[in-house]
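Novice: This one is final-v2.cif, mmCIF, C-alpha atoms.
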data_start
#
loop_
_atom_site.label_atom_id
_atom_site.label_comp_id
_atom_site.auth_asym_id
_atom_site.auth_seq_id
_atom_site.Cartn_x
_atom_site.Cartn_y
_atom_site.Cartn_z
CA MET A 1 -28.95 56.95 -0.73
CA LYS A 2 -29.72 54.42 1.99
CA THR A 3 -33.48 53.82 1.99
CA ILE A 4 -33.73 53.63 5.77
CA LYS A 5 -31.83 56.91 6.12
CA LEU A 6 -34.21 58.63 3.70
CA LEU A 7 -37.33 57.36 5.45
CA ARG A 8 -35.94 58.22 8.88
CA ASN A 9 -35.31 61.79 7.71
CA LEU A 10 -38.91 62.05 6.45
CA ALA A 11 -40.15 60.49 9.69
CA LYS A 12 -38.54 63.31 11.68
CA ARG A 13 -40.90 65.71 9.92
CA PHE A 14 -43.88 63.39 9.68
CA PRO A 15 -43.70 60.84 12.52
CA LYS A 16 -46.34 58.13 12.71
CA SER A 17 -47.40 59.68 16.02
CA LEU A 18 -49.03 62.49 13.98
CA LYS A 19 -51.38 60.16 12.11
CA GLU A 20 -55.07 59.97 12.94
CA GLY A 21 -56.16 56.90 14.92
CA PHE A 22 -58.06 55.39 11.98
CA ASP A 23 -55.15 55.73 9.56
CA HIS A 24 -52.65 53.28 8.10
CA VAL A 25 -49.25 54.61 7.06
CA GLY A 26 -45.79 53.26 6.32
CA LEU A 27 -44.80 50.25 4.22
CA MET A 28 -47.85 48.93 2.38
CA THR A 29 -46.33 46.08 0.41
CA GLY A 30 -42.97 44.73 -0.72
CA LYS A 31 -39.56 44.86 0.94
CA LEU A 32 -37.53 48.04 1.21
CA LYS A 33 -34.32 48.02 -0.80
CA GLU A 34 -31.01 48.88 0.79
CA GLU A 35 -30.40 51.76 -1.64
CA THR A 36 -32.91 54.12 -3.23
CA LYS A 37 -31.92 56.00 -6.35
CA THR A 38 -35.28 56.45 -8.12
CA ILE A 39 -38.66 57.16 -6.52
CA VAL A 40 -42.13 57.40 -8.03
CA LEU A 41 -44.50 59.80 -6.27
CA CYS A 42 -48.28 59.65 -6.68
CA LEU A 43 -51.42 60.64 -4.82
CA ASP A 44 -52.90 57.15 -5.20
CA PHE A 45 -51.13 54.00 -6.31
CA ASP A 46 -53.45 52.25 -8.76
CA GLU A 47 -53.51 50.41 -12.10
CA ILE A 48 -52.92 53.66 -14.01
CA VAL A 49 -49.75 54.35 -12.06
CA LEU A 50 -48.56 50.77 -12.53
CA LYS A 51 -48.99 51.04 -16.31
CA GLU A 52 -47.09 54.32 -16.37
CA ILE A 53 -44.27 52.72 -14.39
CA GLN A 54 -44.10 49.81 -16.82
CA LYS A 55 -43.88 52.28 -19.74
CA LEU A 56 -40.87 53.93 -18.12
CA ASN A 57 -38.81 50.76 -18.42
CA LYS A 58 -36.62 51.96 -15.55
CA ASN A 59 -35.43 50.53 -12.25
CA ILE A 60 -37.80 51.99 -9.66
CA ASP A 61 -36.64 51.54 -6.08
CA LEU A 62 -39.63 52.93 -4.19
CA ILE A 63 -43.16 54.24 -4.69
CA ILE A 64 -44.42 56.80 -2.18
CA SER A 65 -48.15 57.50 -2.28
CA HIS A 66 -50.15 59.88 -0.15
CA HIS A 67 -53.28 57.78 0.27
CA PRO A 68 -52.61 54.37 1.80
CA PHE A 69 -52.46 51.67 -0.86
CA ILE A 70 -53.72 49.09 1.66
CA PHE A 71 -56.10 50.74 4.11
CA GLY A 72 -56.31 48.14 6.86
CA THR A 73 -54.73 44.77 7.44
CA ARG A 74 -53.25 43.29 4.28
CA TYR A 75 -55.14 40.00 4.67
CA GLN A 76 -58.58 41.58 5.14
CA VAL A 77 -58.19 44.21 2.40
CA LEU A 78 -56.88 41.83 -0.26
CA LYS A 79 -59.46 39.21 0.67
CA LYS A 80 -62.32 41.64 -0.01
CA ASP A 81 -60.79 43.52 -2.95
CA PRO A 82 -59.71 41.27 -5.87
CA ILE A 83 -58.64 44.26 -8.00
CA LYS A 84 -56.30 45.51 -5.31
CA ARG A 85 -55.04 41.95 -4.73
CA GLN A 86 -54.11 41.61 -8.41
CA LEU A 87 -52.41 45.02 -8.35
CA CYS A 88 -50.52 44.03 -5.21
CA ASP A 89 -49.35 40.80 -6.85
CA LYS A 90 -48.15 42.70 -9.93
CA ILE A 91 -46.14 45.30 -8.01
CA ASP A 92 -44.65 42.59 -5.80
CA GLU A 93 -43.53 40.73 -8.92
CA LEU A 94 -41.74 43.89 -10.04
CA ASN A 95 -40.07 44.03 -6.61
CA ILE A 96 -41.10 47.66 -6.00
CA PRO A 97 -42.18 48.49 -2.44
CA VAL A 98 -45.06 50.91 -1.85
CA TYR A 99 -44.84 53.29 1.10
CA SER A 100 -47.64 55.69 2.13
CA MET A 101 -47.61 58.92 4.14
CA HIS A 102 -51.14 60.11 4.84
CA THR A 103 -52.50 62.04 7.84
CA ASN A 104 -49.03 62.30 9.36
CA PHE A 105 -48.05 64.23 6.21
CA ASP A 106 -51.25 66.30 6.41
CA SER A 107 -50.45 67.42 9.98
CA GLY A 108 -46.68 67.81 9.86
CA VAL A 109 -44.74 71.02 9.35
CA GLY A 110 -44.07 71.50 5.65
CA GLY A 111 -46.67 68.89 4.73
CA MET A 112 -50.00 68.93 2.92
CA ASN A 113 -51.81 71.80 4.60
CA ASP A 114 -48.77 74.04 4.83
CA ALA A 115 -48.20 73.49 1.10
CA LEU A 116 -51.85 74.28 0.30
CA SER A 117 -51.77 77.41 2.48
CA GLU A 118 -48.65 78.63 0.74
CA LYS A 119 -50.10 77.96 -2.70
CA LEU A 120 -53.26 79.81 -1.72
CA GLY A 121 -51.14 82.79 -0.74
CA LEU A 122 -52.15 82.89 2.91
CA ILE A 123 -50.20 85.14 5.26
CA ASP A 124 -49.11 84.09 8.76
CA TYR A 125 -50.88 80.73 8.49
CA GLN A 126 -50.73 78.38 11.45
CA PRO A 127 -52.47 75.28 12.84
CA LEU A 128 -55.89 75.76 14.36
CA GLU A 129 -55.96 75.44 18.14
CA SER A 130 -58.86 73.00 18.01
CA CYS A 131 -57.72 71.13 14.87
CA PRO A 132 -53.91 71.10 14.48
CA MET A 133 -54.13 69.41 11.08
CA ALA A 134 -55.95 72.40 9.55
CA ARG A 135 -54.25 75.70 8.75
CA GLY A 136 -55.63 79.19 9.03
CA GLY A 137 -54.30 82.51 7.80
CA LYS A 138 -55.13 85.79 6.12
CA LEU A 139 -55.42 86.83 2.50
CA PRO A 140 -53.19 89.63 1.17
CA PHE A 141 -56.38 91.70 0.83
CA LYS A 142 -60.10 91.26 1.46
CA MET A 143 -62.26 89.80 -1.30
CA GLU A 144 -65.96 89.38 -2.01
CA VAL A 145 -66.86 85.72 -1.47
CA HIS A 146 -67.37 84.85 -5.16
CA GLU A 147 -64.19 86.72 -6.07
CA PHE A 148 -62.36 84.63 -3.48
CA ALA A 149 -63.81 81.38 -4.87
CA LYS A 150 -62.43 82.22 -8.32
CA TYR A 151 -59.12 83.28 -6.78
CA ALA A 152 -58.86 79.94 -4.93
CA ILE A 153 -59.67 77.91 -8.05
CA ASP A 154 -56.92 79.74 -9.91
CA LYS A 155 -54.32 79.49 -7.15
CA LEU A 156 -54.99 75.79 -6.50
CA ASP A 157 -55.05 74.88 -10.22
CA LEU A 158 -58.60 73.50 -10.19
CA ASP A 159 -61.18 73.45 -12.95
CA TYR A 160 -64.06 74.17 -10.58
CA ALA A 161 -65.19 74.14 -6.95
CA HIS A 162 -68.53 74.17 -5.12
CA LEU A 163 -69.31 77.21 -3.00
CA ILE A 164 -71.63 77.16 0.01
CA ASN A 165 -72.34 80.87 0.31
CA ALA A 166 -74.18 81.30 3.61
CA GLY A 167 -71.84 83.43 5.70
CA LYS A 168 -69.89 86.66 5.48
CA LYS A 169 -69.88 88.40 2.12
CA GLU A 170 -66.31 89.61 2.52
CA ILE A 171 -63.44 87.15 3.00
CA GLU A 172 -60.18 87.85 4.80
CA LYS A 173 -59.50 84.98 7.23
CA VAL A 174 -59.25 81.60 5.49
CA CYS A 175 -58.97 78.08 6.89
CA ILE A 176 -57.95 75.10 4.74
CA LEU A 177 -57.86 71.34 5.32
CA GLY A 178 -57.01 69.21 2.30
CA GLY A 179 -58.91 65.99 1.66
CA ALA A 180 -62.18 65.04 3.32
CA GLY A 181 -62.34 67.41 6.28
CA SER A 182 -65.88 68.74 6.03
CA TYR A 183 -66.78 67.76 9.61
CA LYS A 184 -64.12 70.21 10.83
CA TYR A 185 -65.97 73.25 9.45
CA ILE A 186 -67.23 73.96 12.97
CA ASN A 187 -63.64 74.37 14.20
CA ALA A 188 -62.96 77.01 11.56
CA LEU A 189 -66.23 78.75 12.36
CA ASN A 190 -65.59 78.79 16.11
CA GLU A 191 -62.07 80.16 15.64
CA GLY A 192 -63.37 83.12 13.67
CA TYR A 193 -62.54 82.28 10.05
CA ASP A 194 -64.61 83.69 7.20
CA ILE A 195 -64.47 80.60 4.97
CA PHE A 196 -63.32 76.98 5.16
CA LEU A 197 -61.82 75.05 2.25
CA THR A 198 -61.97 71.25 2.15
CA GLY A 199 -63.44 68.43 0.07
CA ASP A 200 -65.99 65.60 -0.12
CA ILE A 201 -68.76 67.51 1.66
CA PRO A 202 -71.89 65.33 2.16
CA HIS A 203 -75.43 66.67 2.05
CA HIS A 204 -76.13 66.68 5.78
CA ILE A 205 -72.98 68.67 6.55
CA ARG A 206 -73.87 71.17 3.81
CA ARG A 207 -77.19 71.70 5.56
CA ASP A 208 -75.43 72.21 8.91
CA ILE A 209 -73.05 74.74 7.35
CA ILE A 210 -75.99 76.72 5.97
CA ALA A 211 -77.79 76.55 9.32
CA ASN A 212 -74.68 77.97 10.98
CA HIS A 213 -74.47 80.83 8.43
CA PHE A 214 -70.96 79.96 7.28
CA ASN A 215 -69.02 79.83 4.00
CA VAL A 216 -67.34 76.68 2.72
CA LEU A 217 -65.58 76.07 -0.59
CA ASP A 218 -65.53 72.41 -1.61
CA VAL A 219 -62.24 72.16 -3.52
CA ASN A 220 -62.46 68.39 -4.02
CA HIS A 221 -60.10 65.74 -2.74
CA GLU A 222 -57.87 65.85 -5.82
CA VAL A 223 -56.39 69.16 -4.64
CA GLU A 224 -54.10 66.93 -2.58
CA LYS A 225 -52.04 66.06 -5.65
CA ILE A 226 -49.79 68.85 -4.39
CA PHE A 227 -48.40 66.05 -2.21
CA CYS A 228 -46.23 64.90 -5.11
CA TYR A 229 -44.57 68.26 -5.67
CA GLN A 230 -44.11 69.01 -1.98
CA MET A 231 -42.64 65.56 -1.34
CA GLU A 232 -40.26 66.00 -4.27
CA LYS A 233 -39.02 69.24 -2.70
CA LEU A 234 -38.57 67.61 0.71
CA ILE A 235 -36.71 64.58 -0.63
CA HIS A 236 -34.34 66.78 -2.61
CA GLU A 237 -33.61 68.75 0.56
CA ILE A 238 -32.38 65.45 2.01
CA ASP A 239 -30.54 64.22 -1.11
CA GLU A 240 -30.54 66.07 -4.43
CA SER A 241 -29.21 63.01 -6.27
CA VAL A 242 -32.40 60.97 -5.83
CA GLU A 243 -34.33 60.86 -9.09
CA ILE A 244 -37.99 61.73 -8.64
CA ILE A 245 -40.68 60.70 -11.11
CA ILE A 246 -44.11 62.23 -10.49
CA ILE A 247 -47.15 60.47 -11.90
CA ASP A 248 -49.91 63.05 -11.67
CA HIS A 249 -52.99 61.32 -13.05
CA GLU A 250 -55.65 62.72 -10.72
CA LYS A 251 -58.46 64.48 -12.55
CA LEU A 252 -61.69 65.98 -11.26
CA PRO A 253 -64.95 64.34 -12.34
CA GLU A 254 -66.57 65.90 -15.39
CA LEU A 255 -68.85 68.80 -14.53
CA ILE A 256 -72.06 68.49 -16.57
CA ILE A 257 -74.11 71.68 -16.75
CA LYS A 258 -77.69 71.77 -18.05
#
Please re-express this file's structure in structure tokens.

Specialist:
Amino acid sequence: MKTIKLLRNLAKRFPKSLKEGFDHVGLMTGKLKEETKTIVLCLDFDEIVLKEIQKLNKNIDLIISHHPFIFGTRYQVLKKDPIKRQLCDKIDELNIPVYSMHTNFDSGVGGMNDALSEKLGLIDYQPLESCPMARGGKLPFKMEVHEFAKYAIDKLDLDYAHLINAGKKEIEKVCILGGAGSYKYINALNEGYDIFLTGDIPHHIRRDIIANHFNVLDVNHEVEKIFCYQMEKLIHEIDESVEIIIIDHEKLPELIIK
């Protein structure tokens, strides 16, 4: 289909106006083609994805990543990052544009946090009043906090998660914010949730969570790979004929136990 028509349809759901002020979304590099028949979806566009694309030996019209490939001005980023500059040169030589949808996708209806809420099995989930990007809902039934942690790991297809167990012992109301949203734990706490799920929680915020007697499950940033499968669904709602190739190469760091 026409590339501009496809991106305009996605932009109706996830307009740039929804992105956070710090963010960079849209066309990262290359020139959009008039027609798009085959799209590669990935969480992060990197050297691994490039190699997988080269193995395909196919005409790829567009790459859509969740995390911005170039986070900032092109000149400044490529000046400071020779690895990214080389990768940018290689993908430009292949004439494949890279387009990124980040916090606008996280916030939008049917985007990241709706997809995570649905996968977690939350009922009647909705945006938080104080943090519209996050979603909060109820479990089908109450669970003991450790039982819930195992339930979440299973539902979200993770190998492990880190539990901060300092709040209620029984979980019913759950708030989730994919990615690095640890600083928003206070919003979930103040709106009456029993536990908050997010990733990349630094030490000082862990201490604050404990001081506030709250529960948080660190599900790691890689949980956002659901982006690929949700975006595939959304694109096919627009045009079923578009071929989608998902490159899911995100893996959690190895967990070493004494």

Novice: Quick one: of A:Ile256, A:Leu197, A:Met231, A:Ile123, who's nearest to Phe14 of chain A, counting only C-alpha atoms?

Specialist: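 Checking each of A:Ile256, A:Leu197, A:Met231, A:Ile123 against Phe14 of chain A, counting only C-alpha atoms, the winner is A:Met231.
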
Novice: For the structure provided, state which residues fall under the PyMOL selection byres ((chain A and resi 133) around 8), and present them as a ChimeraX atom specification.

Specialist: /A:106-108,113,127-128,131-132,134-135,177

Novice: Specify as an mmCIF file with C-alpha atoms, in the coordinates of the input each residue included when the PyMOL selection byres ((chain A and resi 166) around 7) is applied to this file.

Specialist:
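Output contents, as saved in out_28.cif:
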data_model
loop_
_atom_site.group_PDB
_atom_site.id
_atom_site.type_symbol
_atom_site.label_atom_id
_atom_site.label_comp_id
_atom_site.auth_asym_id
_atom_site.auth_seq_id
_atom_site.Cartn_x
_atom_site.Cartn_y
_atom_site.Cartn_z
ATOM 1 C CA ILE A 164 -71.630 77.160 0.010
ATOM 2 C CA ASN A 165 -72.340 80.870 0.310
ATOM 3 C CA GLY A 167 -71.840 83.430 5.700
ATOM 4 C CA ILE A 210 -75.990 76.720 5.970
ATOM 5 C CA HIS A 213 -74.470 80.830 8.430
ATOM 6 C CA PHE A 214 -70.960 79.960 7.280
ATOM 7 C CA ASN A 215 -69.020 79.830 4.000
#

Novice: Set the distance at 12 Å and use only C-alpha atoms: which residues neighbour Asn59 of chain A once local chain neighbours fewer than 2 positions away are removed? I'd like the list as a list of chain:residue names.

Specialist: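 Here the qualifying residues turn out to be A:Lys33, A:Glu35, A:Thr36, A:Lys37, A:Thr38, A:Ile39, A:Val40, A:Ile53, A:Gln54, A:Lys55, A:Leu56, A:Asn57, A:Asp61, A:Leu62, A:Ile63, A:Leu94, A:Asn95, A:Ile96, A:Glu243, A:Ile245.
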
Novice: Selected residues, C-alpha atoms, written as a compact mmCIF listing (two decimals), keeping the file's coordinate frame, please.

Specialist:
# COMPACT_ATOMS: atom_id res chain seq x y z
CA LYS A 33 -34.32 48.02 -0.80
CA GLU A 35 -30.40 51.76 -1.64
CA THR A 36 -32.91 54.12 -3.23
CA LYS A 37 -31.92 56.00 -6.35
CA THR A 38 -35.28 56.45 -8.12
CA ILE A 39 -38.66 57.16 -6.52
CA VAL A 40 -42.13 57.40 -8.03
CA ILE A 53 -44.27 52.72 -14.39
CA GLN A 54 -44.10 49.81 -16.82
CA LYS A 55 -43.88 52.28 -19.74
CA LEU A 56 -40.87 53.93 -18.12
CA ASN A 57 -38.81 50.76 -18.42
CA ASP A 61 -36.64 51.54 -6.08
CA LEU A 62 -39.63 52.93 -4.19
CA ILE A 63 -43.16 54.24 -4.69
CA LEU A 94 -41.74 43.89 -10.04
CA ASN A 95 -40.07 44.03 -6.61
CA ILE A 96 -41.10 47.66 -6.00
CA GLU A 243 -34.33 60.86 -9.09
CA ILE A 245 -40.68 60.70 -11.11

Novice: Take the PyMOL selection byres ((chain A and resi 152) around 10), apply it to the structure above, and return the hits as a PyMOL selection string.

Specialist: chain A and resi 119-121+146-151+153-158+160-161+197+217+219
